[in-house]
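Enquirer: Dropping a structure here in structure tokens format, bear with me for questions.
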Amino acid sequence: MPYNGYVVYQNAQADHLDQARLILMMFAGSINFLNKAINVAHRNQKEMTSLISKTKNVLLELIASLNLEQSGEMGEILLRTYRGLFIKLNVAYIDNDIDQIEEVRDSLIELEDAWKKVFQSPEYQDFKRDRDWFSKKQQMTL
């Protein structure tokens, strides 16, 4: 079965699972894929290609999961960032440029760290609490 993080993300929304945890899992997976791709780059081109493709799929899923109407300017910034990383991975693959793959990996690590800080912030915890309360309230009225 092909990797489809967006389906997992959407199912999590439907099941009211912690979306923050899913986003962090997507970043951890993509970083892991690129670390492996870097390690096998000179020995196994086919495996490297597969690992880069998996990372590109994660980036596409992150792009697809953005709600630009609700996220405003921040969503636009994330969209440009994710697209830029996707394009850089394409170029890195075509040019067989390990340095660019490392740059993308490093950018993903920085983004993962930023998301961790967001999800640990008091503002996010308040948002999550309010969202959970509102969701329970809606379910009670159905």
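Note on naming: chains are A, B, ... as they come in the structure tokens, residues start from 1 per chain, ligands start from 1 in the order shown.
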Would you mind listing what lies within 12 Å of segment 71-81 of chain A as a list of chain:residue names, with only C-alpha atoms counted and same-chain residues fewer than 6 positions away left out?
Expert: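 Skipping anything fewer than 6 positions along the chain leaves A:Leu59, A:Leu60, A:Glu61, A:Leu62, A:Ile63, A:Ala64, A:Ser65, A:Ile87, A:Lys88, A:Val104, A:Ser107, A:Leu108, A:Glu110, A:Leu111, A:Ala114, A:Trp115.
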Enquirer: Enter the distance from atom CA of Phe27 of chain A to atom CA of Leu85 of chain A, in Å, rounded to one decimal.
Expert: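 Taking atom CA of Phe27 of chain A and atom CA of Leu85 of chain A, their separation equals 12.6 Å.
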